[in-house]
Amino acid sequence: MPGIYLDNNATTAVDPQVVQVMIPYFSTEYGNPSSRHWAGDNVRHAVEIARSQLAEFLHCRPAEVFFTSGGSESLNTAIKGMAAMRRNRGRHIVTTRVEHAAVFNTCRYLERKGFRVTYLGVDADGLLDLDALAASLTDETILITAMFANNETGVLFPVNQIGALAAERGIPFLCDGVQAIGKLPIDLSNLPIDLLAVSGHKFYGPKGIGALIVRGGLRLRPLIHGGGQERELRSGTENVPGIVGLGEACRLAAAALATEPARLRSLRNHLEAGLMESLAGVTRNGHPELRLPNTSNLSFDGVFAARLLEELNRLGVAASAGSACSSHSKASSRVLAAMGRSAAAVQGAVRFSLGRNTSKADADSLLEILPPLVKKLRRI
């Protein structure tokens with residue numbers, strides 16, 4: 001089997017250097033960071049080094065970094081925590097129709113609790129209408145939440161402009177940065193983002209670790225109560241190996257950003273051009289330029305994506321039809337439907353997401369495998 005992995009938006013392989021720095025914290029450095037003795041002191045120091053690494057990577061202050069179990073917990077903490085803290089000021093939240101399920105379903109939950117949510121649409125390229133966003137804001141709006149980059153199409157949102165609109169009205173802005181971090185430079189010292197969600201396994205760190213960046217001065221009600229860890233925002237004994245691994249992943253990602261986005265963009269464009277040259281009836285989903293450098297979402301006319309992915313998997317090629325977090329559901333892509341794609345286009349959409357381990361040989365192998373496979377399925 002070729003073993004070509006093109007599902008890096010679902011998860012990335014843990015970098016070997018990340019694994020190495022984590023190993024001692026499973027064995028010799030086993031103390032609890034809350035313990036006030038030598039064993040606890042050692043690991044507590046490691047946790048704070050990792051906090052500083054993440055802060056340096058994102059250009060924020062270490063005191064603004066709160067470790068969580070991942071992106072979903074960070075987003076739930078931010079949305080529910082802000083709703084609970086500000087509910088006496090208003091009960092209106094603004095988001096978009098193409099958010100990750102951790103945002104979308106949390107907003108649905110809050111609607112059942114008496115909050116009003118505005119779900120903004122996108123155009124055919126997946127881009128957000130800033131005028132519609134501005135028009136949706138009221139004196140009751142307590143939170144704007146929008147992603148940095150879409151997990152299915154890679155389309156980038158104008159987070160600078162969204163944050164500026166939010167700041168003008170004194171409304172906190174939560175940005176789901178899970179897909180963008182490690183793929184694009186993010187400088188929070190120059191971005192009007194109040195809350196940012198981070199997930200380690202999307203940029204070569206371990207699963208089960210993430211962070212929520214909370215600007216100084218903002219207060220949230222905690223989602224998890226207990227011993228008061230993470231300055232009482234997120235109780236529970238810290239996942240020290242994961243935190244140390246996340247810090248190392250940040251260090252490695254900072255170095256890779258100098259060259260890796262350009263390499264991936266070139267490789268993605270090579271792949272798309274080859275497929276569109278070899279096959280008729282291939283449509284790109286998402287803006288051609290304003291998207292992540294590693295992401296290609298393509299609809300193949302006359303083909304069911306589920307069947308195509310089964311055949312690719314049989315040949316050793318890993319790709320997906322959309323978000324891994326929604327793969328258990330048979331519902332069509334909410335993202336592509338919001339972009340106005342036809343039912344046939346949605347059913348025929350496949351996401352290829354490249355990563356640090358993707359080579360030109362991988363792309364060329366796919367260009368050999370995929371066109372005859374699509375043609376065969378169309379005949380069937």
# chains A, B, ... in the order shown; residues from 1 in each chain; ligands from 1

call {"tool": "residues_around", "arguments": {"residues": "Asn239 (chain A)", "least_positions_apart": "3", "cutoff": "9 Å", "atoms": "only C-alpha atoms", "output": "PyMOL selection string"}}
result
chain A and resi 67-69+208-209+236+242-244

call {"tool": "write_last_selection", "arguments": {"atoms": "N, CA and C atoms", "output": "PDB file, in the first residue's frame"}}
result
ATOM      1  N   PHE A  67      -4.194  26.196  29.646  1.00  0.00           N
ATOM      2  CA  PHE A  67      -4.160  24.885  29.008  1.00  0.00           C
ATOM      3  C   PHE A  67      -5.495  24.160  29.185  1.00  0.00           C
ATOM      4  N   THR A  68      -5.909  23.459  28.123  1.00  0.00           N
ATOM      5  CA  THR A  68      -7.146  22.682  28.102  1.00  0.00           C
ATOM      6  C   THR A  68      -6.849  21.321  27.474  1.00  0.00           C
ATOM      7  N   SER A  69      -7.894  20.546  27.251  1.00  0.00           N
ATOM      8  CA  SER A  69      -7.712  19.240  26.618  1.00  0.00           C
ATOM      9  C   SER A  69      -7.711  19.322  25.096  1.00  0.00           C
ATOM     10  N   GLY A 208      -5.208  15.505  22.751  1.00  0.00           N
ATOM     11  CA  GLY A 208      -5.629  15.648  24.129  1.00  0.00           C
ATOM     12  C   GLY A 208      -5.031  16.836  24.855  1.00  0.00           C
ATOM     13  N   ILE A 209      -4.459  17.777  24.108  1.00  0.00           N
ATOM     14  CA  ILE A 209      -3.920  18.988  24.727  1.00  0.00           C
ATOM     15  C   ILE A 209      -4.210  20.177  23.813  1.00  0.00           C
ATOM     16  N   GLY A 236      -8.368  20.601  37.391  1.00  0.00           N
ATOM     17  CA  GLY A 236      -7.944  19.258  37.000  1.00  0.00           C
ATOM     18  C   GLY A 236      -6.440  19.189  36.920  1.00  0.00           C
ATOM     19  N   GLY A 242       1.523  16.203  27.767  1.00  0.00           N
ATOM     20  CA  GLY A 242       0.886  16.892  26.655  1.00  0.00           C
ATOM     21  C   GLY A 242       1.266  18.356  26.590  1.00  0.00           C
ATOM     22  N   ILE A 243       1.308  19.012  27.734  1.00  0.00           N
ATOM     23  CA  ILE A 243       1.668  20.435  27.775  1.00  0.00           C
ATOM     24  C   ILE A 243       3.099  20.641  27.291  1.00  0.00           C
ATOM     25  N   VAL A 244       4.017  19.803  27.767  1.00  0.00           N
ATOM     26  CA  VAL A 244       5.415  19.900  27.326  1.00  0.00           C
ATOM     27  C   VAL A 244       5.511  19.651  25.819  1.00  0.00           C
TER      28      VAL A 244
END

call {"tool": "closest_atom_pairs", "arguments": {"of": "region 41-108 of chain A", "to": "region 163-170 of chain A", "cutoff": "12 Å", "atoms": "only C-alpha atoms", "output": "JSON lines"}}
result
{"residue": "A:Arg89", "atom": "CA", "partner": "A:Gly170", "partner_atom": "CA", "distance": 11.8}
{"residue": "A:Ile93", "atom": "CA", "partner": "A:Ala166", "partner_atom": "CA", "distance": 11.8}
{"residue": "A:Val94", "atom": "CA", "partner": "A:Ala166", "partner_atom": "CA", "distance": 10.5}

call {"tool": "atom_distance", "arguments": {"atom1": "CA of Glu140 (chain A)", "atom2": "CA of Ile79 (chain A)"}}
result
15.4 Å

call {"tool": "residues_around", "arguments": {"residues": "Ala83 (chain A)", "least_positions_apart": "5", "cutoff": "9 Å", "atoms": "only C-alpha atoms", "output": "CSV table (one decimal) with N, CA and C atoms, in the first residue's frame"}}
result
chain,number,residue,atom,x,y,z
A,78,ALA,N,-14.9,29.1,26.3
A,78,ALA,CA,-15.0,30.5,25.9
A,78,ALA,C,-16.4,30.9,25.7
A,90,GLY,N,-26.7,41.0,28.1
A,90,GLY,CA,-27.4,40.7,26.9
A,90,GLY,C,-27.3,39.2,26.6
A,91,ARG,N,-28.2,38.7,25.7
A,91,ARG,CA,-28.2,37.2,25.4
A,91,ARG,C,-28.1,37.0,23.9
A,92,HIS,N,-27.4,37.8,23.2
A,92,HIS,CA,-27.3,37.7,21.8
A,92,HIS,C,-25.8,37.3,21.4
A,93,ILE,N,-25.6,36.3,20.6
A,93,ILE,CA,-24.3,35.8,20.1
A,93,ILE,C,-24.4,35.8,18.6
A,110,LEU,N,-26.9,26.8,23.7
A,110,LEU,CA,-27.3,28.1,24.4
A,110,LEU,C,-28.6,28.6,23.9
A,115,PHE,N,-30.7,31.9,24.9
A,115,PHE,CA,-29.9,32.9,24.2
A,115,PHE,C,-30.4,33.0,22.8
A,142,ILE,N,-23.3,39.9,23.0
A,142,ILE,CA,-22.2,39.7,24.1
A,142,ILE,C,-21.0,39.0,23.6
A,143,LEU,N,-21.1,38.4,22.4
A,143,LEU,CA,-19.9,37.7,21.8
A,143,LEU,C,-20.1,37.5,20.3
A,220,LEU,N,-14.0,34.8,32.5
A,220,LEU,CA,-14.9,33.8,32.1
A,220,LEU,C,-15.4,33.0,33.3
A,221,ARG,N,-16.6,32.5,33.3
A,221,ARG,CA,-17.0,31.5,34.2
A,221,ARG,C,-16.4,30.1,33.9

call {"tool": "residues_around", "arguments": {"residues": "Val335 (chain A)", "least_positions_apart": "2", "cutoff": "9 Å", "atoms": "only C-alpha atoms", "output": "JSON, numbers by chain"}}
result
{"A": [97, 98, 99, 126, 150, 152, 153, 322, 332, 333, 337, 338, 339]}

call {"tool": "write_last_selection", "arguments": {"atoms": "N, CA and C atoms", "output": "mmCIF file, in the first residue's frame"}}
result
data_model
loop_
_atom_site.group_PDB
_atom_site.id
_atom_site.type_symbol
_atom_site.label_atom_id
_atom_site.label_comp_id
_atom_site.auth_asym_id
_atom_site.auth_seq_id
_atom_site.Cartn_x
_atom_site.Cartn_y
_atom_site.Cartn_z
ATOM 1 N N ARG A 97 -22.455 30.177 9.794
ATOM 2 C CA ARG A 97 -23.027 28.864 9.466
ATOM 3 C C ARG A 97 -21.967 27.806 9.169
ATOM 4 N N VAL A 98 -20.726 28.210 9.075
ATOM 5 C CA VAL A 98 -19.687 27.266 8.651
ATOM 6 C C VAL A 98 -18.689 26.953 9.771
ATOM 7 N N GLU A 99 -19.062 27.259 11.002
ATOM 8 C CA GLU A 99 -18.158 26.990 12.120
ATOM 9 C C GLU A 99 -18.030 25.493 12.394
ATOM 10 N N GLY A 126 -17.153 30.891 0.017
ATOM 11 C CA GLY A 126 -16.979 30.633 1.437
ATOM 12 C C GLY A 126 -16.570 31.843 2.243
ATOM 13 N N ASN A 150 -11.414 27.788 7.752
ATOM 14 C CA ASN A 150 -12.399 26.716 7.769
ATOM 15 C C ASN A 150 -11.723 25.357 7.668
ATOM 16 N N GLU A 152 -12.923 22.523 6.549
ATOM 17 C CA GLU A 152 -13.251 21.723 5.371
ATOM 18 C C GLU A 152 -12.674 22.308 4.082
ATOM 19 N N THR A 153 -12.781 23.611 3.914
ATOM 20 C CA THR A 153 -12.345 24.255 2.662
ATOM 21 C C THR A 153 -11.030 24.995 2.795
ATOM 22 N N GLY A 322 -14.676 15.692 4.749
ATOM 23 C CA GLY A 322 -14.927 16.888 5.543
ATOM 24 C C GLY A 322 -14.336 16.747 6.914
ATOM 25 N N SER A 332 -25.078 15.679 5.261
ATOM 26 C CA SER A 332 -24.240 16.341 4.270
ATOM 27 C C SER A 332 -23.469 17.484 4.918
ATOM 28 N N SER A 333 -22.430 17.936 4.231
ATOM 29 C CA SER A 333 -21.598 19.010 4.748
ATOM 30 C C SER A 333 -22.400 20.293 4.925
ATOM 31 N N ALA A 337 -23.055 23.276 1.969
ATOM 32 C CA ALA A 337 -24.445 23.694 1.766
ATOM 33 C C ALA A 337 -24.584 25.191 1.975
ATOM 34 N N ALA A 338 -23.882 25.734 2.975
ATOM 35 C CA ALA A 338 -23.936 27.173 3.230
ATOM 36 C C ALA A 338 -23.328 27.970 2.084
ATOM 37 N N MET A 339 -22.426 27.361 1.330
ATOM 38 C CA MET A 339 -21.814 28.015 0.175
ATOM 39 C C MET A 339 -22.686 27.912 -1.070
#

call {"tool": "closest_residue", "arguments": {"among": "A:Ala180, A:Ala258, A:Ala319, A:Met276", "to": "Ser353 (chain A)", "atoms": "only C-alpha atoms"}}
result
A:Ala319

call {"tool": "select_by_dssp", "arguments": {"residues": "region 109-199 of chain A", "states": "strand (DSSP E)", "output": "ChimeraX atom specification"}}
result
/A:116-120,141-147,173-176,195-199

call {"tool": "write_last_selection", "arguments": {"atoms": "C-alpha atoms", "output": "short mmCIF file (atom, residue, chain, number, x, y, z; two decimals), in the first residue's frame"}}
result
data_model
loop_
_atom_site.label_atom_id
_atom_site.label_comp_id
_atom_site.auth_asym_id
_atom_site.auth_seq_id
_atom_site.Cartn_x
_atom_site.Cartn_y
_atom_site.Cartn_z
CA ARG A 116 -30.46 34.25 20.68
CA VAL A 117 -27.87 33.34 18.06
CA THR A 118 -27.38 34.91 14.63
CA TYR A 119 -25.80 32.49 12.12
CA LEU A 120 -24.21 34.50 9.31
CA THR A 141 -24.65 41.21 21.54
CA ILE A 142 -22.23 39.75 24.08
CA LEU A 143 -19.95 37.65 21.84
CA ILE A 144 -18.81 37.27 18.24
CA THR A 145 -17.29 33.89 17.41
CA ALA A 146 -15.77 33.09 14.01
CA MET A 147 -13.03 30.80 12.80
CA PHE A 173 -14.27 38.31 19.74
CA LEU A 174 -13.58 34.57 20.00
CA CYS A 175 -11.56 33.11 17.14
CA ASP A 176 -11.30 29.39 16.48
CA LEU A 195 -10.06 34.74 22.82
CA LEU A 196 -8.24 32.17 20.68
CA ALA A 197 -8.67 28.38 20.67
CA VAL A 198 -5.61 26.15 20.13
CA SER A 199 -5.32 22.38 19.53
#

call {"tool": "residues_around", "arguments": {"residues": "Lys207 (chain A)", "least_positions_apart": "6", "cutoff": "10 Å", "atoms": "only C-alpha atoms", "output": "ChimeraX atom specification"}}
result
/A:11-14,69-70,199-201,242,245-246

call {"tool": "closest_residue", "arguments": {"among": "A:Arg86, A:Lys376, A:Arg108, A:Lys183", "to": "Glu260 (chain A)", "atoms": "only C-alpha atoms"}}
result
A:Lys183

call {"tool": "closest_residue", "arguments": {"among": "A:Ile186, A:Leu373, A:Ala262, A:Met85", "to": "Glu56 (chain A)", "atoms": "only C-alpha atoms"}}
result
A:Ile186

call {"tool": "residues_around", "arguments": {"residues": "Pro288 (chain A)", "least_positions_apart": "4", "cutoff": "12 Å", "atoms": "only C-alpha atoms", "output": "list of chain:residue names"}}
result
A:Ala124, A:Asp125, A:Gly126, A:Leu127, A:Thr153, A:Gly154, A:Val155, A:Leu156, A:Arg265, A:Arg268, A:Asn269, A:Glu272, A:Ala273, A:Thr283, A:Arg284, A:Leu292, A:Pro293, A:Thr295, A:Ser296, A:Asn297, A:Leu298

call {"tool": "write_last_selection", "arguments": {"atoms": "N, CA and C atoms", "output": "mmCIF file, in the first residue's frame"}}
result
data_model
loop_
_atom_site.group_PDB
_atom_site.id
_atom_site.type_symbol
_atom_site.label_atom_id
_atom_site.label_comp_id
_atom_site.auth_asym_id
_atom_site.auth_seq_id
_atom_site.Cartn_x
_atom_site.Cartn_y
_atom_site.Cartn_z
ATOM 1 N N ALA A 124 -20.429 32.141 -2.330
ATOM 2 C CA ALA A 124 -20.103 30.908 -3.051
ATOM 3 C C ALA A 124 -18.648 30.497 -2.872
ATOM 4 N N ASP A 125 -17.776 31.458 -2.521
ATOM 5 C CA ASP A 125 -16.372 31.145 -2.262
ATOM 6 C C ASP A 125 -16.095 30.849 -0.801
ATOM 7 N N GLY A 126 -17.153 30.891 0.017
ATOM 8 C CA GLY A 126 -16.979 30.633 1.437
ATOM 9 C C GLY A 126 -16.570 31.843 2.243
ATOM 10 N N LEU A 127 -16.650 33.040 1.653
ATOM 11 C CA LEU A 127 -16.211 34.264 2.321
ATOM 12 C C LEU A 127 -17.349 34.912 3.093
ATOM 13 N N THR A 153 -12.781 23.611 3.914
ATOM 14 C CA THR A 153 -12.345 24.255 2.662
ATOM 15 C C THR A 153 -11.030 24.995 2.795
ATOM 16 N N GLY A 154 -10.622 25.292 4.028
ATOM 17 C CA GLY A 154 -9.416 26.083 4.243
ATOM 18 C C GLY A 154 -9.611 27.570 4.067
ATOM 19 N N VAL A 155 -10.824 28.018 3.733
ATOM 20 C CA VAL A 155 -11.076 29.435 3.470
ATOM 21 C C VAL A 155 -10.761 30.261 4.714
ATOM 22 N N LEU A 156 -10.075 31.389 4.500
ATOM 23 C CA LEU A 156 -9.669 32.272 5.584
ATOM 24 C C LEU A 156 -10.711 33.358 5.818
ATOM 25 N N ARG A 265 1.738 25.196 -0.446
ATOM 26 C CA ARG A 265 0.915 25.879 -1.453
ATOM 27 C C ARG A 265 1.304 25.426 -2.859
ATOM 28 N N ARG A 268 0.090 21.810 -3.298
ATOM 29 C CA ARG A 268 -1.372 21.767 -3.457
ATOM 30 C C ARG A 268 -1.783 22.234 -4.850
ATOM 31 N N ASN A 269 -1.183 23.322 -5.316
ATOM 32 C CA ASN A 269 -1.530 23.836 -6.641
ATOM 33 C C ASN A 269 -1.146 22.850 -7.739
ATOM 34 N N GLU A 272 -3.889 20.128 -7.651
ATOM 35 C CA GLU A 272 -5.153 20.584 -8.226
ATOM 36 C C GLU A 272 -5.066 20.740 -9.734
ATOM 37 N N ALA A 273 -3.977 21.340 -10.195
ATOM 38 C CA ALA A 273 -3.819 21.541 -11.646
ATOM 39 C C ALA A 273 -3.772 20.203 -12.368
ATOM 40 N N THR A 283 -14.555 20.538 -9.523
ATOM 41 C CA THR A 283 -14.806 21.904 -9.060
ATOM 42 C C THR A 283 -14.146 22.132 -7.714
ATOM 43 N N ARG A 284 -13.426 23.250 -7.605
ATOM 44 C CA ARG A 284 -12.821 23.620 -6.330
ATOM 45 C C ARG A 284 -13.884 24.243 -5.438
ATOM 46 N N LEU A 292 -6.120 28.243 3.371
ATOM 47 C CA LEU A 292 -4.902 27.663 3.918
ATOM 48 C C LEU A 292 -4.045 27.091 2.788
ATOM 49 N N PRO A 293 -2.725 27.153 2.907
ATOM 50 C CA PRO A 293 -1.861 26.671 1.825
ATOM 51 C C PRO A 293 -1.888 25.167 1.614
ATOM 52 N N THR A 295 -4.726 23.071 1.936
ATOM 53 C CA THR A 295 -6.065 22.482 1.858
ATOM 54 C C THR A 295 -6.668 22.594 0.473
ATOM 55 N N SER A 296 -7.198 21.469 -0.010
ATOM 56 C CA SER A 296 -7.877 21.417 -1.302
ATOM 57 C C SER A 296 -9.165 20.623 -1.132
ATOM 58 N N ASN A 297 -10.303 21.287 -1.349
ATOM 59 C CA ASN A 297 -11.602 20.628 -1.284
ATOM 60 C C ASN A 297 -12.180 20.629 -2.690
ATOM 61 N N LEU A 298 -12.362 19.443 -3.260
ATOM 62 C CA LEU A 298 -12.770 19.304 -4.657
ATOM 63 C C LEU A 298 -14.016 18.439 -4.757
#

call {"tool": "select_by_dssp", "arguments": {"residues": "region 179-248 of chain A", "states": "helix (DSSP H, G or I)", "output": "list of chain:residue names"}}
result
A:Gly200, A:His201, A:Lys202, A:Val240, A:Pro241, A:Gly242, A:Ile243, A:Val244, A:Gly245, A:Leu246, A:Gly247, A:Glu248

call {"tool": "write_last_selection", "arguments": {"atoms": "N, CA and C atoms", "output": "short mmCIF file (atom, residue, chain, number, x, y, z; two decimals), in the first residue's frame"}}
result
data_model
loop_
_atom_site.label_atom_id
_atom_site.label_comp_id
_atom_site.auth_asym_id
_atom_site.auth_seq_id
_atom_site.Cartn_x
_atom_site.Cartn_y
_atom_site.Cartn_z
N GLY A 200 -3.31 21.09 19.93
CA GLY A 200 -1.95 20.62 19.64
C GLY A 200 -1.85 19.65 18.49
N HIS A 201 -2.83 18.74 18.33
CA HIS A 201 -2.66 17.68 17.34
C HIS A 201 -2.87 18.14 15.91
N LYS A 202 -3.21 19.41 15.71
CA LYS A 202 -3.34 19.93 14.35
C LYS A 202 -2.02 20.45 13.80
N VAL A 240 0.76 17.02 32.00
CA VAL A 240 2.11 17.56 31.85
C VAL A 240 2.81 17.07 30.58
N PRO A 241 2.79 15.76 30.26
CA PRO A 241 3.45 15.36 29.01
C PRO A 241 2.85 16.08 27.80
N GLY A 242 1.52 16.20 27.77
CA GLY A 242 0.89 16.89 26.66
C GLY A 242 1.27 18.36 26.59
N ILE A 243 1.31 19.01 27.73
CA ILE A 243 1.67 20.44 27.77
C ILE A 243 3.10 20.64 27.29
N VAL A 244 4.02 19.80 27.77
CA VAL A 244 5.41 19.90 27.33
C VAL A 244 5.51 19.65 25.82
N GLY A 245 4.74 18.66 25.33
CA GLY A 245 4.74 18.38 23.89
C GLY A 245 4.17 19.53 23.08
N LEU A 246 3.14 20.18 23.60
CA LEU A 246 2.57 21.34 22.91
C LEU A 246 3.58 22.48 22.82
N GLY A 247 4.31 22.69 23.89
CA GLY A 247 5.33 23.73 23.86
C GLY A 247 6.39 23.46 22.81
N GLU A 248 6.84 22.21 22.72
CA GLU A 248 7.84 21.85 21.71
C GLU A 248 7.27 21.97 20.31
#

call {"tool": "atom_distance", "arguments": {"atom1": "CA of Ile23 (chain A)", "atom2": "CA of Ala39 (chain A)"}}
result
16.0 Å

call {"tool": "decode", "arguments": {"residues": "region 192-214 of chain A", "atoms": "N, CA and C atoms", "output": "PDB file, in the first residue's frame"}}
result
ATOM      1  N   PRO A 192      -6.825  42.008  16.672  1.00  0.00           N
ATOM      2  CA  PRO A 192      -7.821  42.320  17.702  1.00  0.00           C
ATOM      3  C   PRO A 192      -8.673  41.107  18.066  1.00  0.00           C
ATOM      4  N   ILE A 193      -8.016  40.050  18.521  1.00  0.00           N
ATOM      5  CA  ILE A 193      -8.685  38.817  18.942  1.00  0.00           C
ATOM      6  C   ILE A 193      -8.641  38.753  20.464  1.00  0.00           C
ATOM      7  N   ASP A 194      -9.788  38.556  21.091  1.00  0.00           N
ATOM      8  CA  ASP A 194      -9.856  38.531  22.552  1.00  0.00           C
ATOM      9  C   ASP A 194      -9.676  37.132  23.123  1.00  0.00           C
ATOM     10  N   LEU A 195     -10.155  36.130  22.385  1.00  0.00           N
ATOM     11  CA  LEU A 195     -10.056  34.736  22.822  1.00  0.00           C
ATOM     12  C   LEU A 195      -9.667  33.895  21.609  1.00  0.00           C
ATOM     13  N   LEU A 196      -8.711  32.996  21.785  1.00  0.00           N
ATOM     14  CA  LEU A 196      -8.238  32.173  20.676  1.00  0.00           C
ATOM     15  C   LEU A 196      -8.122  30.732  21.137  1.00  0.00           C
ATOM     16  N   ALA A 197      -8.723  29.807  20.360  1.00  0.00           N
ATOM     17  CA  ALA A 197      -8.669  28.379  20.666  1.00  0.00           C
ATOM     18  C   ALA A 197      -7.513  27.719  19.929  1.00  0.00           C
ATOM     19  N   VAL A 198      -6.802  26.834  20.637  1.00  0.00           N
ATOM     20  CA  VAL A 198      -5.607  26.149  20.128  1.00  0.00           C
ATOM     21  C   VAL A 198      -5.771  24.645  20.341  1.00  0.00           C
ATOM     22  N   SER A 199      -5.311  23.838  19.377  1.00  0.00           N
ATOM     23  CA  SER A 199      -5.318  22.379  19.528  1.00  0.00           C
ATOM     24  C   SER A 199      -3.991  21.811  19.054  1.00  0.00           C
ATOM     25  N   GLY A 200      -3.306  21.089  19.934  1.00  0.00           N
ATOM     26  CA  GLY A 200      -1.952  20.624  19.636  1.00  0.00           C
ATOM     27  C   GLY A 200      -1.848  19.646  18.486  1.00  0.00           C
ATOM     28  N   HIS A 201      -2.831  18.742  18.327  1.00  0.00           N
ATOM     29  CA  HIS A 201      -2.664  17.677  17.343  1.00  0.00           C
ATOM     30  C   HIS A 201      -2.871  18.140  15.909  1.00  0.00           C
ATOM     31  N   LYS A 202      -3.208  19.406  15.709  1.00  0.00           N
ATOM     32  CA  LYS A 202      -3.340  19.933  14.354  1.00  0.00           C
ATOM     33  C   LYS A 202      -2.016  20.454  13.803  1.00  0.00           C
ATOM     34  N   PHE A 203      -1.005  20.587  14.670  1.00  0.00           N
ATOM     35  CA  PHE A 203       0.300  21.035  14.154  1.00  0.00           C
ATOM     36  C   PHE A 203       1.443  20.240  14.797  1.00  0.00           C
ATOM     37  N   TYR A 204       1.300  18.908  14.733  1.00  0.00           N
ATOM     38  CA  TYR A 204       2.368  17.960  15.041  1.00  0.00           C
ATOM     39  C   TYR A 204       2.664  17.834  16.535  1.00  0.00           C
ATOM     40  N   GLY A 205       1.697  18.249  17.352  1.00  0.00           N
ATOM     41  CA  GLY A 205       1.763  17.994  18.782  1.00  0.00           C
ATOM     42  C   GLY A 205       0.878  16.813  19.137  1.00  0.00           C
ATOM     43  N   PRO A 206       0.806  16.472  20.423  1.00  0.00           N
ATOM     44  CA  PRO A 206      -0.009  15.321  20.835  1.00  0.00           C
ATOM     45  C   PRO A 206      -1.500  15.641  20.863  1.00  0.00           C
ATOM     46  N   LYS A 207      -2.306  14.603  20.792  1.00  0.00           N
ATOM     47  CA  LYS A 207      -3.752  14.739  20.988  1.00  0.00           C
ATOM     48  C   LYS A 207      -4.044  14.941  22.473  1.00  0.00           C
ATOM     49  N   GLY A 208      -5.208  15.505  22.751  1.00  0.00           N
ATOM     50  CA  GLY A 208      -5.629  15.648  24.129  1.00  0.00           C
ATOM     51  C   GLY A 208      -5.031  16.836  24.855  1.00  0.00           C
ATOM     52  N   ILE A 209      -4.459  17.777  24.108  1.00  0.00           N
ATOM     53  CA  ILE A 209      -3.920  18.988  24.727  1.00  0.00           C
ATOM     54  C   ILE A 209      -4.210  20.177  23.813  1.00  0.00           C
ATOM     55  N   GLY A 210      -4.557  21.279  24.428  1.00  0.00           N
ATOM     56  CA  GLY A 210      -4.822  22.514  23.691  1.00  0.00           C
ATOM     57  C   GLY A 210      -4.700  23.675  24.646  1.00  0.00           C
ATOM     58  N   ALA A 211      -5.177  24.813  24.208  1.00  0.00           N
ATOM     59  CA  ALA A 211      -5.111  26.000  25.059  1.00  0.00           C
ATOM     60  C   ALA A 211      -6.197  26.974  24.647  1.00  0.00           C
ATOM     61  N   LEU A 212      -6.532  27.829  25.576  1.00  0.00           N
ATOM     62  CA  LEU A 212      -7.395  28.972  25.301  1.00  0.00           C
ATOM     63  C   LEU A 212      -6.619  30.221  25.683  1.00  0.00           C
ATOM     64  N   ILE A 213      -6.451  31.123  24.722  1.00  0.00           N
ATOM     65  CA  ILE A 213      -5.813  32.397  24.995  1.00  0.00           C
ATOM     66  C   ILE A 213      -6.913  33.378  25.406  1.00  0.00           C
ATOM     67  N   VAL A 214      -6.755  33.983  26.557  1.00  0.00           N
ATOM     68  CA  VAL A 214      -7.743  34.925  27.091  1.00  0.00           C
ATOM     69  C   VAL A 214      -7.042  36.250  27.356  1.00  0.00           C
TER      70      VAL A 214
END
